[in-house]
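Novice: Contents of coords-v8.pdb (PDB, C-alpha atoms) are below:
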```pdb
ATOM      1  CA  MET A  30      -1.889   0.060 -12.637  1.00  0.00           C
ATOM      2  CA  LYS A  31      -1.188  -3.644 -12.827  1.00  0.00           C
ATOM      3  CA  THR A  32       0.673  -5.457 -10.086  1.00  0.00           C
ATOM      4  CA  THR A  33       3.866  -5.985 -12.084  1.00  0.00           C
ATOM      5  CA  GLU A  34       4.024  -2.318 -13.073  1.00  0.00           C
ATOM      6  CA  TYR A  35       3.371  -1.298  -9.469  1.00  0.00           C
ATOM      7  CA  LEU A  36       6.161  -3.541  -8.192  1.00  0.00           C
ATOM      8  CA  LYS A  37       8.586  -2.187 -10.804  1.00  0.00           C
ATOM      9  CA  SER A  38       7.810   1.354  -9.726  1.00  0.00           C
ATOM     10  CA  LEU A  39       8.335   0.379  -6.083  1.00  0.00           C
ATOM     11  CA  ARG A  40      11.660  -1.294  -6.806  1.00  0.00           C
ATOM     12  CA  SER A  41      12.940   1.895  -8.406  1.00  0.00           C
ATOM     13  CA  LYS A  42      12.320   3.881  -5.195  1.00  0.00           C
ATOM     14  CA  ASP A  43      14.808   4.261  -2.381  1.00  0.00           C
ATOM     15  CA  GLY A  44      14.137   3.718   1.325  1.00  0.00           C
ATOM     16  CA  THR A  45      12.571   7.109   1.981  1.00  0.00           C
ATOM     17  CA  GLY A  46      10.315   6.773  -1.058  1.00  0.00           C
ATOM     18  CA  LEU A  47       9.132   3.379   0.128  1.00  0.00           C
ATOM     19  CA  LYS A  48       8.441   4.706   3.604  1.00  0.00           C
ATOM     20  CA  SER A  49       6.396   7.584   2.228  1.00  0.00           C
ATOM     21  CA  GLU A  50       4.479   5.114   0.031  1.00  0.00           C
ATOM     22  CA  LEU A  51       3.827   2.952   3.101  1.00  0.00           C
ATOM     23  CA  GLU A  52       2.573   5.967   5.023  1.00  0.00           C
ATOM     24  CA  ALA A  53       0.204   6.918   2.206  1.00  0.00           C
ATOM     25  CA  LEU A  54      -1.127   3.361   1.984  1.00  0.00           C
ATOM     26  CA  ARG A  55      -1.729   3.214   5.731  1.00  0.00           C
ATOM     27  CA  ARG A  56      -3.606   6.512   5.530  1.00  0.00           C
ATOM     28  CA  GLU A  57      -5.726   5.096   2.712  1.00  0.00           C
ATOM     29  CA  GLN A  58      -6.360   1.922   4.710  1.00  0.00           C
ATOM     30  CA  PHE A  59      -7.475   3.997   7.690  1.00  0.00           C
ATOM     31  CA  ASN A  60      -9.866   6.026   5.532  1.00  0.00           C
ATOM     32  CA  LEU A  61     -11.352   2.873   4.023  1.00  0.00           C
ATOM     33  CA  ARG A  62     -11.775   1.358   7.468  1.00  0.00           C
ATOM     34  CA  ILE A  63     -13.582   4.467   8.722  1.00  0.00           C
ATOM     35  CA  GLN A  64     -15.842   4.495   5.652  1.00  0.00           C
ATOM     36  CA  GLY A  65     -16.702   0.855   6.264  1.00  0.00           C
ATOM     37  CA  ALA A  66     -17.549   1.523   9.899  1.00  0.00           C
ATOM     38  CA  MET A  67     -19.775   4.434   8.934  1.00  0.00           C
ATOM     39  CA  GLY A  68     -21.531   2.390   6.263  1.00  0.00           C
ATOM     40  CA  GLN A  69     -20.322   4.626   3.434  1.00  0.00           C
ATOM     41  CA  ALA A  70     -17.968   2.168   1.720  1.00  0.00           C
ATOM     42  CA  ALA A  71     -19.193   1.665  -1.822  1.00  0.00           C
ATOM     43  CA  GLN A  72     -16.256  -0.499  -2.909  1.00  0.00           C
ATOM     44  CA  THR A  73     -15.415  -2.773  -0.029  1.00  0.00           C
ATOM     45  CA  HIS A  74     -12.943  -4.828  -2.081  1.00  0.00           C
ATOM     46  CA  LEU A  75     -10.444  -1.948  -2.051  1.00  0.00           C
ATOM     47  CA  ALA A  76      -9.445  -2.648   1.554  1.00  0.00           C
ATOM     48  CA  ALA A  77      -7.991  -6.045   0.653  1.00  0.00           C
ATOM     49  CA  GLY A  78      -6.019  -4.521  -2.211  1.00  0.00           C
ATOM     50  CA  VAL A  79      -4.530  -1.895   0.086  1.00  0.00           C
ATOM     51  CA  ARG A  80      -3.515  -4.583   2.597  1.00  0.00           C
ATOM     52  CA  LYS A  81      -1.719  -6.476  -0.169  1.00  0.00           C
ATOM     53  CA  LYS A  82       0.082  -3.326  -1.314  1.00  0.00           C
ATOM     54  CA  ILE A  83       1.185  -2.612   2.263  1.00  0.00           C
ATOM     55  CA  ALA A  84       2.614  -6.132   2.503  1.00  0.00           C
ATOM     56  CA  GLN A  85       4.472  -5.676  -0.797  1.00  0.00           C
ATOM     57  CA  VAL A  86       6.005  -2.382   0.328  1.00  0.00           C
ATOM     58  CA  LYS A  87       7.038  -3.811   3.696  1.00  0.00           C
ATOM     59  CA  THR A  88       8.638  -6.786   1.941  1.00  0.00           C
ATOM     60  CA  LEU A  89      10.679  -4.488  -0.304  1.00  0.00           C
ATOM     61  CA  ILE A  90      11.764  -2.376   2.684  1.00  0.00           C
ATOM     62  CA  ASN A  91      13.001  -5.524   4.459  1.00  0.00           C
ATOM     63  CA  GLN A  92      14.786  -6.745   1.321  1.00  0.00           C
ATOM     64  CA  GLN A  93      16.597  -3.437   0.932  1.00  0.00           C
ATOM     65  CA  ALA A  94      17.618  -3.497   4.603  1.00  0.00           C
ATOM     66  CA  LYS A  95      19.519  -6.756   4.097  1.00  0.00           C
TER      67      LYS A  95
END
```
Can the structure from this file be put into structure tokens for me?
Specialist:
Amino acid sequence: MKTTEYLKSLRSKDGTGLKSELEALRREQFNLRIQGAMGQAAQTHLAAGVRKKIAQVKTLINQQAK
């Protein structure tokens, strides 16, 4: 999914949906970090993408709070 499509899908979610998305992304980030520490990470570039998605979700949560 492209970034613009991903952001549109995030903007359509409410606060609880965004929080569940954030939780899933943090779980994915943790799994990628563990794989990297164990030397099993085949696609190391995915960790940076997950960090960016987490930042986007947190930004939308803060915008909705205002």
Novice: When you draw a straight line from CA of Ala53 in chain A to CA of Ser41 in chain A, how long is it in Å?
Specialist: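 Between these atoms lies a distance of 17.3 Å.
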Novice: Can you work out which one of A:Ala94, A:Leu39, A:Leu47, A:Leu54 has the shortest atom-to-atom distance to Val79 in chain A, counting all atoms listed in the file?
Specialist: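 Smallest distance to Val79 in chain A is found for A:Leu54.
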Novice: Please enclose the listed atoms of range 78-89 of chain A in an axis-aligned box, pad each side by 6 Å, and write out the centre and the three edge lengths in Å, rounded to one decimal, as AutoDock Vina command-line options.
Specialist:
```
--center_x 2.3 --center_y -4.3 --center_z 0.7 --size_x 28.7 --size_y 16.9 --size_z 17.9
```
Novice: At a cut-off of 9 Å, using only C-alpha atoms, what residues contact range 55-62 of chain A? Leave out same-chain residues fewer than 2 positions from it and give the result as a ChimeraX atom specification.
Specialist: /A:50-53,64-67,70,73,75-76,79-80,83
Novice: If you measure from CA of Ala77 in chain A to CA of Leu89 in chain A, what distance in Å do you get, rounded to one decimal?
Specialist: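 Taking CA of Ala77 in chain A and CA of Leu89 in chain A, their separation equals 18.8 Å.
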Novice: Could you tell me how far CA of Ile63 in chain A lies from CA of Gly78 in chain A, in Å and to one decimal?
Specialist: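 Here the two named atoms are 16.0 Å from each other.
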Novice: Find the spatial neighbours of Gly44 in chain A, counting all atoms listed in the file, within a cut-off of 9 Å - ignore same-chain residues fewer than 4 positions away - and output them as a ChimeraX atom specification.
Specialist: /A:48-49,90,93-94
Novice: My list of candidates is A:Gln69, A:Lys82, A:His74, A:Thr45. Which is closest to Thr33 in chain A when distances are computed with all atoms listed in the file?
Specialist: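 That would be A:Lys82, the residue with the smallest distance to Thr33 in chain A.
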Novice: Which neighbours of Leu36 in chain A fall inside 9 Å, counting all atoms listed in the file, when residues of the same chain fewer than 4 positions from it are skipped, and could you give them as a list in words?
Specialist: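 After dropping sequence-adjacent residues, the list is Lys31, Thr32, Arg40, Ser41, Gln85 and Val86 of chain A.
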Novice: Those residues with C-alpha atoms, as a CSV table (one decimal), keeping the file's coordinate frame please?
Specialist:
```
chain,number,residue,atom,x,y,z
A,31,LYS,CA,-1.2,-3.6,-12.8
A,32,THR,CA,0.7,-5.5,-10.1
A,40,ARG,CA,11.7,-1.3,-6.8
A,41,SER,CA,12.9,1.9,-8.4
A,85,GLN,CA,4.5,-5.7,-0.8
A,86,VAL,CA,6.0,-2.4,0.3
```
Novice: Since the input lacks atoms, please generate N, CA and C atoms for range 46-81 of chain A and provide them as a CSV table (one decimal), in the coordinates of the input.
Specialist:
```
chain,number,residue,atom,x,y,z
A,46,GLY,N,11.5,6.8,-0.2
A,46,GLY,CA,10.3,6.8,-1.1
A,46,GLY,C,9.4,5.7,-0.7
A,47,LEU,N,10.0,4.5,-0.3
A,47,LEU,CA,9.1,3.4,0.1
A,47,LEU,C,8.4,3.7,1.4
A,48,LYS,N,9.1,4.4,2.3
A,48,LYS,CA,8.4,4.7,3.6
A,48,LYS,C,7.3,5.7,3.4
A,49,SER,N,7.5,6.6,2.5
A,49,SER,CA,6.4,7.6,2.2
A,49,SER,C,5.2,6.9,1.5
A,50,GLU,N,5.5,5.9,0.7
A,50,GLU,CA,4.5,5.1,0.0
A,50,GLU,C,3.7,4.3,1.1
A,51,LEU,N,4.5,3.7,2.0
A,51,LEU,CA,3.8,3.0,3.1
A,51,LEU,C,2.9,3.8,3.9
A,52,GLU,N,3.4,5.0,4.2
A,52,GLU,CA,2.6,6.0,5.0
A,52,GLU,C,1.3,6.3,4.3
A,53,ALA,N,1.4,6.6,3.0
A,53,ALA,CA,0.2,6.9,2.2
A,53,ALA,C,-0.8,5.8,2.1
A,54,LEU,N,-0.3,4.5,2.0
A,54,LEU,CA,-1.1,3.4,2.0
A,54,LEU,C,-1.8,3.1,3.3
A,55,ARG,N,-1.1,3.4,4.4
A,55,ARG,CA,-1.7,3.2,5.7
A,55,ARG,C,-2.8,4.3,5.9
A,56,ARG,N,-2.6,5.5,5.4
A,56,ARG,CA,-3.6,6.5,5.5
A,56,ARG,C,-4.8,6.1,4.7
A,57,GLU,N,-4.6,5.6,3.5
A,57,GLU,CA,-5.7,5.1,2.7
A,57,GLU,C,-6.5,3.9,3.4
A,58,GLN,N,-5.7,3.0,4.0
A,58,GLN,CA,-6.4,1.9,4.7
A,58,GLN,C,-7.2,2.4,5.9
A,59,PHE,N,-6.7,3.4,6.6
A,59,PHE,CA,-7.5,4.0,7.7
A,59,PHE,C,-8.8,4.6,7.2
A,60,ASN,N,-8.7,5.4,6.1
A,60,ASN,CA,-9.9,6.0,5.5
A,60,ASN,C,-10.9,5.0,5.1
A,61,LEU,N,-10.4,3.9,4.5
A,61,LEU,CA,-11.4,2.9,4.0
A,61,LEU,C,-12.0,2.2,5.2
A,62,ARG,N,-11.2,2.0,6.3
A,62,ARG,CA,-11.8,1.4,7.5
A,62,ARG,C,-12.9,2.2,8.1
A,63,ILE,N,-12.6,3.5,8.2
A,63,ILE,CA,-13.6,4.5,8.7
A,63,ILE,C,-14.8,4.5,7.9
A,64,GLN,N,-14.7,4.5,6.5
A,64,GLN,CA,-15.8,4.5,5.7
A,64,GLN,C,-16.7,3.2,5.8
A,65,GLY,N,-16.0,2.1,6.0
A,65,GLY,CA,-16.7,0.9,6.3
A,65,GLY,C,-17.5,0.9,7.6
A,66,ALA,N,-16.9,1.5,8.6
A,66,ALA,CA,-17.5,1.5,9.9
A,66,ALA,C,-18.8,2.5,9.9
A,67,MET,N,-18.7,3.5,9.0
A,67,MET,CA,-19.8,4.4,8.9
A,67,MET,C,-20.8,4.0,8.0
A,68,GLY,N,-20.6,2.9,7.2
A,68,GLY,CA,-21.5,2.4,6.3
A,68,GLY,C,-21.5,3.1,4.9
A,69,GLN,N,-20.4,3.8,4.6
A,69,GLN,CA,-20.3,4.6,3.4
A,69,GLN,C,-19.4,4.0,2.4
A,70,ALA,N,-18.9,2.8,2.7
A,70,ALA,CA,-18.0,2.2,1.7
A,70,ALA,C,-18.7,1.6,0.5
A,71,ALA,N,-18.5,2.2,-0.6
A,71,ALA,CA,-19.2,1.7,-1.8
A,71,ALA,C,-18.4,0.5,-2.4
A,72,GLN,N,-17.1,0.5,-2.3
A,72,GLN,CA,-16.3,-0.5,-2.9
A,72,GLN,C,-15.4,-1.2,-1.8
A,73,THR,N,-16.0,-2.1,-1.2
A,73,THR,CA,-15.4,-2.8,0.0
A,73,THR,C,-14.2,-3.6,-0.4
A,74,HIS,N,-14.1,-4.0,-1.7
A,74,HIS,CA,-12.9,-4.8,-2.1
A,74,HIS,C,-11.6,-4.1,-2.1
A,75,LEU,N,-11.7,-2.7,-2.0
A,75,LEU,CA,-10.4,-1.9,-2.1
A,75,LEU,C,-9.6,-2.1,-0.8
A,76,ALA,N,-10.2,-2.5,0.3
A,76,ALA,CA,-9.4,-2.6,1.6
A,76,ALA,C,-8.5,-3.8,1.4
A,77,ALA,N,-8.9,-4.9,0.8
A,77,ALA,CA,-8.0,-6.0,0.7
A,77,ALA,C,-6.8,-5.7,-0.3
A,78,GLY,N,-7.1,-4.9,-1.3
A,78,GLY,CA,-6.0,-4.5,-2.2
A,78,GLY,C,-5.0,-3.6,-1.5
A,79,VAL,N,-5.4,-2.8,-0.6
A,79,VAL,CA,-4.5,-1.9,0.1
A,79,VAL,C,-3.7,-2.7,1.1
A,80,ARG,N,-4.3,-3.7,1.7
A,80,ARG,CA,-3.5,-4.6,2.6
A,80,ARG,C,-2.4,-5.3,1.8
A,81,LYS,N,-2.7,-5.8,0.6
A,81,LYS,CA,-1.7,-6.5,-0.2
A,81,LYS,C,-0.6,-5.5,-0.6
```
